[in-house]
Amino acid sequence: MLIRLFRFLSIFPLPVLHNLGNLLGYFVYAVSASYRRRLRLNITAAGFHDQLGSAIREAGKNIMELPFVWCASDERLMRNVKVENWEVVQNALELGKGLIFLTPHLGCFELVGQAVAARTSITCLYRPPHKSALKPLLEGARTLKGIKLAPANLAGVRILAKALKRGETIGLLPDQVPQQGEGVWANFFGKPAYTMTLSAKLQNMSGAPIVLAFAERLAFGAGFVVHFTEFNQALIGTPSQQASLINQAMEQLIASQAAQYFWSYNRYKIPDGVAAPQSTPDQDVQ
């Protein structure tokens with residue numbers, strides 16, 4: 001049922017879907033008190049409260065564009081995608097050590113893997129959605145677009161490491177909250193956030209360069225621009241120091257298009273079994 005609905009919605013032009021997304025964003029913000037409170041708390045704490053209205057609309061667009069991104073033909077989708085700075089990726093790949101893409105929940109983050117997969121092999125870390133109805137849709141869409149998936153477990157880490165050893169690219173969402181034992185506390189926009197250590201571990205193990213990537217959503221349904229930026233920080237020191245460097249890079253990237261960040265994401269939650277940081281995040285943002 002859900003797959004048929006997404007395929008039907010994918011027929012509509014992107015400007016129509018984004019206009020519907022504007023309405024959806026305001027609707028969800030109005031009817032869900034928990035969503036509204038978390039979005040406002042997170043965007044205000046980060047210093048971007050002046051972009052609240054835009055963030056509400058962009059969140060709705062993020063949902064309504066998914067049928068187009070997942071179900072439209074590759075040819076139709078890529079007509080709406082411009083890739084900038086691909087030479088950053090090409091230069092990194094020529095080193096022969098593989099490449100680690102770090103993509104936060106910014107813009108159309110689902111599109112980055114597809115833009116890369118259209119040009120070279122990519123394996124992305126994957127955590128199944130909480131809603132089981134989304135699993136076949138999400139997994140099917142990603143694999144059909146040429147993205148290889150690595151589960152978020154030890155077997156998946158081995159898959160990622162082997163891909164890097166072959167000189168291929170891998171993709172991670174560094175602002176995704178990891179599970180117990182897979183992260184450390186590091187500040188994210190001034191608040192402690194449980195942050196994954198995997199990206200730094202893979203980089204230290206393989207020597208693979210890191211590239212920051214995000215897909216900017218253009219106004220009026222005009223499409224997307226995928227940006228690639230070198231990450232030039234040396235990931236040395238403790239896991240917490242390494243995580244802090246990555247979080248700082250994510251903050252800078254997000255600041256460039258703050259309204260397009262997924263502020264309603266529960267970034268500051270305390271995972272089961274993880275001790276709270278000494279400076280505890282707002283418990284109401286659970």
# chains A, B, ... in the order shown; residues from 1 in each chain; ligands from 1
>>> select_by_dssp(residues="segment 65-251 of chain A", states="strand (DSSP E or B)", output="PyMOL selection string")
chain A and resi 81-83+99-102+106-107+122-126+148-151+169-172+183-188+191-196+210-217+224-230
>>> write_last_selection(atoms="N, CA and C atoms", output="CSV table (one decimal), in the first residue's frame")
chain,number,residue,atom,x,y,z
A,81,VAL,N,19.1,17.4,-10.5
A,81,VAL,CA,20.2,17.4,-9.6
A,81,VAL,C,21.5,18.0,-10.3
A,82,LYS,N,22.1,18.9,-9.6
A,82,LYS,CA,23.4,19.4,-10.1
A,82,LYS,C,24.4,19.1,-9.0
A,83,VAL,N,25.5,18.5,-9.5
A,83,VAL,CA,26.6,18.1,-8.6
A,83,VAL,C,27.8,19.1,-8.8
A,99,LEU,N,37.1,6.2,0.4
A,99,LEU,CA,36.7,7.5,0.8
A,99,LEU,C,35.5,7.4,1.7
A,100,ILE,N,35.4,8.3,2.7
A,100,ILE,CA,34.4,8.3,3.7
A,100,ILE,C,33.5,9.5,3.5
A,101,PHE,N,32.3,9.4,3.1
A,101,PHE,CA,31.4,10.5,3.1
A,101,PHE,C,30.7,10.7,4.4
A,102,LEU,N,30.7,11.9,4.9
A,102,LEU,CA,29.9,12.2,6.1
A,102,LEU,C,28.8,13.2,5.7
A,106,LEU,N,20.8,17.0,6.7
A,106,LEU,CA,20.7,18.3,6.1
A,106,LEU,C,20.2,18.3,4.7
A,107,GLY,N,19.3,19.1,4.3
A,107,GLY,CA,18.8,19.1,3.0
A,107,GLY,C,18.2,17.8,2.6
A,122,ILE,N,29.2,2.9,-3.9
A,122,ILE,CA,29.1,3.4,-2.5
A,122,ILE,C,28.3,2.4,-1.7
A,123,THR,N,28.8,2.3,-0.4
A,123,THR,CA,28.1,1.4,0.6
A,123,THR,C,27.8,2.3,1.7
A,124,CYS,N,26.5,2.3,2.1
A,124,CYS,CA,26.0,3.2,3.2
A,124,CYS,C,25.6,2.4,4.4
A,125,LEU,N,26.0,2.9,5.6
A,125,LEU,CA,25.6,2.3,6.9
A,125,LEU,C,24.1,2.5,7.0
A,126,TYR,N,23.4,1.4,7.4
A,126,TYR,CA,21.9,1.4,7.3
A,126,TYR,C,21.3,0.9,8.6
A,148,LYS,N,24.7,0.2,-2.1
A,148,LYS,CA,24.9,-1.0,-1.3
A,148,LYS,C,24.7,-0.7,0.2
A,149,LEU,N,24.0,-1.6,0.9
A,149,LEU,CA,23.7,-1.3,2.3
A,149,LEU,C,24.5,-2.2,3.3
A,150,ALA,N,24.9,-1.5,4.4
A,150,ALA,CA,25.6,-2.2,5.4
A,150,ALA,C,24.9,-2.1,6.7
A,151,PRO,N,24.4,-3.1,7.3
A,151,PRO,CA,23.6,-3.0,8.6
A,151,PRO,C,24.4,-2.4,9.7
A,169,THR,N,33.9,3.9,-1.9
A,169,THR,CA,33.4,5.0,-1.0
A,169,THR,C,32.3,4.3,-0.1
A,170,ILE,N,32.3,4.9,1.1
A,170,ILE,CA,31.2,4.6,2.1
A,170,ILE,C,30.5,5.8,2.6
A,171,GLY,N,29.3,5.7,3.1
A,171,GLY,CA,28.6,6.9,3.6
A,171,GLY,C,28.0,6.6,5.0
A,172,LEU,N,28.2,7.7,5.8
A,172,LEU,CA,27.7,7.6,7.2
A,172,LEU,C,26.9,8.9,7.5
A,183,GLY,N,29.4,5.1,20.9
A,183,GLY,CA,29.5,6.5,20.8
A,183,GLY,C,30.1,7.1,22.0
A,184,VAL,N,30.3,8.4,22.0
A,184,VAL,CA,30.9,9.2,23.2
A,184,VAL,C,30.1,10.5,23.2
A,185,TRP,N,30.1,11.1,24.4
A,185,TRP,CA,29.5,12.4,24.5
A,185,TRP,C,30.4,13.5,24.0
A,186,ALA,N,29.8,14.3,23.1
A,186,ALA,CA,30.6,15.5,22.5
A,186,ALA,C,29.5,16.6,22.2
A,187,ASN,N,29.9,17.8,22.4
A,187,ASN,CA,29.0,18.9,22.2
A,187,ASN,C,28.6,19.0,20.7
A,188,PHE,N,27.3,19.3,20.6
A,188,PHE,CA,26.8,19.6,19.2
A,188,PHE,C,25.9,20.8,19.4
A,191,LYS,N,25.4,21.6,23.2
A,191,LYS,CA,24.8,20.7,24.1
A,191,LYS,C,25.4,19.3,23.9
A,192,PRO,N,25.6,18.5,25.0
A,192,PRO,CA,26.1,17.2,24.9
A,192,PRO,C,25.2,16.3,24.0
A,193,ALA,N,25.8,15.7,23.1
A,193,ALA,CA,25.1,14.8,22.2
A,193,ALA,C,25.9,13.5,22.1
A,194,TYR,N,25.2,12.3,22.2
A,194,TYR,CA,25.9,11.0,22.1
A,194,TYR,C,26.2,10.9,20.6
A,195,THR,N,27.6,10.8,20.3
A,195,THR,CA,28.1,10.9,18.9
A,195,THR,C,28.8,9.6,18.6
A,196,MET,N,28.6,9.2,17.3
A,196,MET,CA,29.2,7.9,16.9
A,196,MET,C,30.7,8.1,16.8
A,210,ILE,N,38.2,12.0,4.2
A,210,ILE,CA,36.9,12.2,4.5
A,210,ILE,C,36.4,13.4,3.7
A,211,VAL,N,35.2,13.3,3.2
A,211,VAL,CA,34.5,14.4,2.4
A,211,VAL,C,33.2,14.6,3.0
A,212,LEU,N,32.9,15.9,3.3
A,212,LEU,CA,31.5,16.3,3.8
A,212,LEU,C,30.6,16.5,2.6
A,213,ALA,N,29.4,16.0,2.7
A,213,ALA,CA,28.5,16.1,1.5
A,213,ALA,C,27.1,16.4,2.0
A,214,PHE,N,26.4,17.3,1.3
A,214,PHE,CA,25.0,17.4,1.5
A,214,PHE,C,24.3,17.9,0.2
A,215,ALA,N,23.0,17.7,0.1
A,215,ALA,CA,22.2,18.1,-1.0
A,215,ALA,C,21.3,19.2,-0.7
A,216,GLU,N,21.7,20.4,-1.2
A,216,GLU,CA,20.9,21.6,-0.9
A,216,GLU,C,19.6,21.6,-1.7
A,217,ARG,N,18.5,21.9,-1.0
A,217,ARG,CA,17.2,21.9,-1.7
A,217,ARG,C,16.9,23.3,-2.2
A,224,PHE,N,18.0,20.3,-6.8
A,224,PHE,CA,18.9,20.1,-5.7
A,224,PHE,C,20.3,20.4,-6.2
A,225,VAL,N,21.2,20.8,-5.4
A,225,VAL,CA,22.6,21.0,-5.6
A,225,VAL,C,23.4,20.2,-4.6
A,226,VAL,N,24.2,19.2,-5.0
A,226,VAL,CA,24.9,18.3,-4.1
A,226,VAL,C,26.3,18.9,-4.0
A,227,HIS,N,26.7,19.3,-2.8
A,227,HIS,CA,28.0,19.9,-2.5
A,227,HIS,C,28.9,18.9,-1.8
A,228,PHE,N,30.2,19.0,-2.2
A,228,PHE,CA,31.3,18.2,-1.6
A,228,PHE,C,32.4,19.1,-1.1
A,229,THR,N,32.8,18.8,0.2
A,229,THR,CA,33.8,19.7,0.8
A,229,THR,C,34.8,18.8,1.5
A,230,GLU,N,36.1,19.1,1.4
A,230,GLU,CA,37.1,18.3,2.0
A,230,GLU,C,37.1,18.5,3.6
>>> residues_around(residues="Leu202 of chain A", least_positions_apart="2", cutoff="10 Å", atoms="only C-alpha atoms", output="mmCIF file with C-alpha atoms, in the first residue's frame")
data_model
loop_
_atom_site.group_PDB
_atom_site.id
_atom_site.type_symbol
_atom_site.label_atom_id
_atom_site.label_comp_id
_atom_site.auth_asym_id
_atom_site.auth_seq_id
_atom_site.Cartn_x
_atom_site.Cartn_y
_atom_site.Cartn_z
ATOM 1 C CA ILE A 100 34.357 8.267 3.705
ATOM 2 C CA VAL A 157 31.272 -2.494 9.994
ATOM 3 C CA LEU A 160 32.363 -0.905 5.288
ATOM 4 C CA ALA A 161 35.992 -1.736 6.076
ATOM 5 C CA LEU A 164 37.423 1.005 1.889
ATOM 6 C CA THR A 197 32.917 7.009 16.908
ATOM 7 C CA LEU A 198 32.752 4.751 13.855
ATOM 8 C CA SER A 199 33.706 7.340 11.254
ATOM 9 C CA ALA A 200 36.920 8.249 13.111
ATOM 10 C CA ASN A 204 42.231 5.892 11.410
ATOM 11 C CA MET A 205 42.203 2.251 10.369
ATOM 12 C CA SER A 206 42.187 2.815 6.604
ATOM 13 C CA GLY A 207 43.726 6.246 6.091
ATOM 14 C CA ALA A 208 40.777 7.046 3.829
#
>>> atom_distance(atom1="atom CA of Arg57 of chain A", atom2="atom CA of Phe220 of chain A")
11.8 Å
>>> atom_distance(atom1="atom CA of Arg36 of chain A", atom2="atom CA of Leu23 of chain A")
14.9 Å
>>> closest_residue(among="A:Leu173, A:Ile3, A:Ala255, A:Ala234", to="Arg127 of chain A", atoms="only C-alpha atoms")
A:Leu173
>>> select_by_dssp(residues="segment 71-117 of chain A", states="alpha helix (DSSP H)", output="JSON, numbers by chain")
{"A": [71, 74, 75, 76, 77, 78, 86, 87, 88, 89, 90, 91, 92, 93, 109, 110, 111, 112, 113, 114, 115, 116, 117]}
>>> residues_around(residues="segment 135-146 of chain A", least_positions_apart="4", cutoff="8 Å", atoms="only C-alpha atoms", output="CSV table (one decimal) with N, CA and C atoms, in the first residue's frame")
chain,number,residue,atom,x,y,z
A,2,LEU,N,1.9,1.3,0.9
A,2,LEU,CA,2.7,2.5,1.0
A,2,LEU,C,3.6,2.6,-0.2
A,3,ILE,N,4.1,1.5,-0.8
A,3,ILE,CA,4.9,1.6,-2.0
A,3,ILE,C,4.0,2.1,-3.1
A,70,TRP,N,12.9,8.6,-4.2
A,70,TRP,CA,13.0,7.1,-4.2
A,70,TRP,C,12.4,6.4,-5.4
A,71,CYS,N,11.4,7.0,-6.0
A,71,CYS,CA,10.6,6.2,-6.9
A,71,CYS,C,10.6,6.8,-8.4
A,74,ASP,N,15.8,7.2,-12.6
A,74,ASP,CA,17.1,7.8,-12.5
A,74,ASP,C,17.2,9.0,-13.4
A,114,GLN,N,22.6,8.6,-3.8
A,114,GLN,CA,22.2,8.3,-5.2
A,114,GLN,C,23.1,9.1,-6.2
A,117,ALA,N,26.3,7.2,-6.2
A,117,ALA,CA,26.1,5.9,-6.8
A,117,ALA,C,26.0,6.0,-8.4
A,118,ALA,N,25.6,7.1,-8.9
A,118,ALA,CA,25.5,7.3,-10.3
A,118,ALA,C,26.9,7.5,-10.9
A,121,SER,N,30.9,3.4,-7.0
A,121,SER,CA,30.3,2.5,-6.0
A,121,SER,C,30.3,3.1,-4.6
A,128,PRO,N,17.6,0.0,10.1
A,128,PRO,CA,16.2,-0.2,9.7
A,128,PRO,C,15.3,0.8,10.5
A,129,PRO,N,14.3,1.3,9.8
A,129,PRO,CA,13.4,2.3,10.4
A,129,PRO,C,12.6,1.7,11.5
A,131,LYS,N,9.4,2.0,12.1
A,131,LYS,CA,8.1,1.6,11.5
A,131,LYS,C,8.4,0.5,10.4
>>> closest_residue(among="A:Cys108, A:Leu95, A:Val274, A:Ala258", to="Ile43 of chain A", atoms="only C-alpha atoms")
A:Ala258
>>> closest_residue(among="A:Val177, A:Ala163, A:Ile63, A:Ala219", to="Gly21 of chain A", atoms="only C-alpha atoms")
A:Ile63
>>> closest_atom_pairs(of="segment 135-205 of chain A", to="segment 250-253 of chain A", cutoff="9 Å", atoms="only C-alpha atoms", output="Markdown table")
| residue | atom | partner | partner_atom | distance |
| --- | --- | --- | --- | --- |
| A:Pro174 | CA | A:Met250 | CA | 8.2 |
| A:Asp175 | CA | A:Met250 | CA | 7.9 |
| A:Phe188 | CA | A:Glu251 | CA | 7.3 |
| A:Phe189 | CA | A:Glu251 | CA | 6.8 |
>>> atom_distance(atom1="atom CA of Glu110 of chain A", atom2="atom CA of Glu65 of chain A")
10.0 Å
>>> closest_residue(among="A:Pro15, A:Gly237, A:Gly273, A:Pro178", to="Phe68 of chain A", atoms="only C-alpha atoms")
A:Pro15
>>> residues_around(residues="Leu9 of chain A", least_positions_apart="2", cutoff="12 Å", atoms="only C-alpha atoms", output="PyMOL selection string")
chain A and resi 2-7+11-14+16-18+20+63-72
>>> write_last_selection(atoms="N, CA and C atoms", output="CSV table (one decimal), in the first residue's frame")
chain,number,residue,atom,x,y,z
A,2,LEU,N,1.9,1.3,0.9
A,2,LEU,CA,2.7,2.5,1.0
A,2,LEU,C,3.6,2.6,-0.2
A,3,ILE,N,4.1,1.5,-0.8
A,3,ILE,CA,4.9,1.6,-2.0
A,3,ILE,C,4.0,2.1,-3.1
A,4,ARG,N,2.8,1.7,-3.3
A,4,ARG,CA,1.9,2.1,-4.3
A,4,ARG,C,1.7,3.6,-4.2
A,5,LEU,N,1.5,4.1,-2.9
A,5,LEU,CA,1.2,5.5,-2.7
A,5,LEU,C,2.5,6.3,-3.1
A,6,PHE,N,3.6,5.9,-2.8
A,6,PHE,CA,4.9,6.6,-3.1
A,6,PHE,C,5.1,6.6,-4.6
A,7,ARG,N,4.8,5.5,-5.3
A,7,ARG,CA,4.9,5.5,-6.7
A,7,ARG,C,3.9,6.5,-7.4
A,11,ILE,N,4.8,10.6,-9.5
A,11,ILE,CA,4.4,11.1,-10.8
A,11,ILE,C,4.4,12.6,-10.9
A,12,PHE,N,4.1,13.3,-9.7
A,12,PHE,CA,3.9,14.7,-9.7
A,12,PHE,C,5.2,15.4,-9.8
A,13,PRO,N,5.2,16.6,-10.4
A,13,PRO,CA,6.5,17.4,-10.5
A,13,PRO,C,7.0,17.8,-9.2
A,14,LEU,N,8.3,18.0,-9.1
A,14,LEU,CA,8.9,18.3,-7.8
A,14,LEU,C,8.3,19.6,-7.2
A,16,VAL,N,5.3,20.8,-7.3
A,16,VAL,CA,4.0,20.4,-6.7
A,16,VAL,C,4.2,19.7,-5.4
A,17,LEU,N,5.1,18.8,-5.3
A,17,LEU,CA,5.4,18.1,-4.1
A,17,LEU,C,6.0,19.0,-3.0
A,18,HIS,N,6.8,19.9,-3.4
A,18,HIS,CA,7.4,20.9,-2.4
A,18,HIS,C,6.3,21.8,-1.9
A,20,LEU,N,3.1,21.1,-1.6
A,20,LEU,CA,2.4,20.3,-0.6
A,20,LEU,C,3.2,20.1,0.6
A,63,ILE,N,9.8,15.5,3.6
A,63,ILE,CA,8.9,14.3,3.6
A,63,ILE,C,8.3,14.1,2.2
A,64,MET,N,7.8,15.2,1.6
A,64,MET,CA,7.0,15.1,0.4
A,64,MET,C,7.9,14.9,-0.8
A,65,GLU,N,9.2,15.1,-0.7
A,65,GLU,CA,10.1,14.9,-1.9
A,65,GLU,C,10.6,13.4,-1.9
A,66,LEU,N,10.3,12.7,-0.8
A,66,LEU,CA,10.8,11.3,-0.8
A,66,LEU,C,10.3,10.4,-1.9
A,67,PRO,N,9.0,10.5,-2.2
A,67,PRO,CA,8.5,9.7,-3.3
A,67,PRO,C,9.2,10.0,-4.6
A,68,PHE,N,9.5,11.2,-4.9
A,68,PHE,CA,10.2,11.6,-6.1
A,68,PHE,C,11.7,11.1,-6.0
A,69,VAL,N,12.3,11.2,-4.9
A,69,VAL,CA,13.7,10.8,-4.8
A,69,VAL,C,13.9,9.3,-4.8
A,70,TRP,N,12.9,8.6,-4.2
A,70,TRP,CA,13.0,7.1,-4.2
A,70,TRP,C,12.4,6.4,-5.4
A,71,CYS,N,11.4,7.0,-6.0
A,71,CYS,CA,10.6,6.2,-6.9
A,71,CYS,C,10.6,6.8,-8.4
A,72,ALA,N,11.1,8.0,-8.6
A,72,ALA,CA,11.2,8.5,-9.9
A,72,ALA,C,12.3,7.8,-10.6
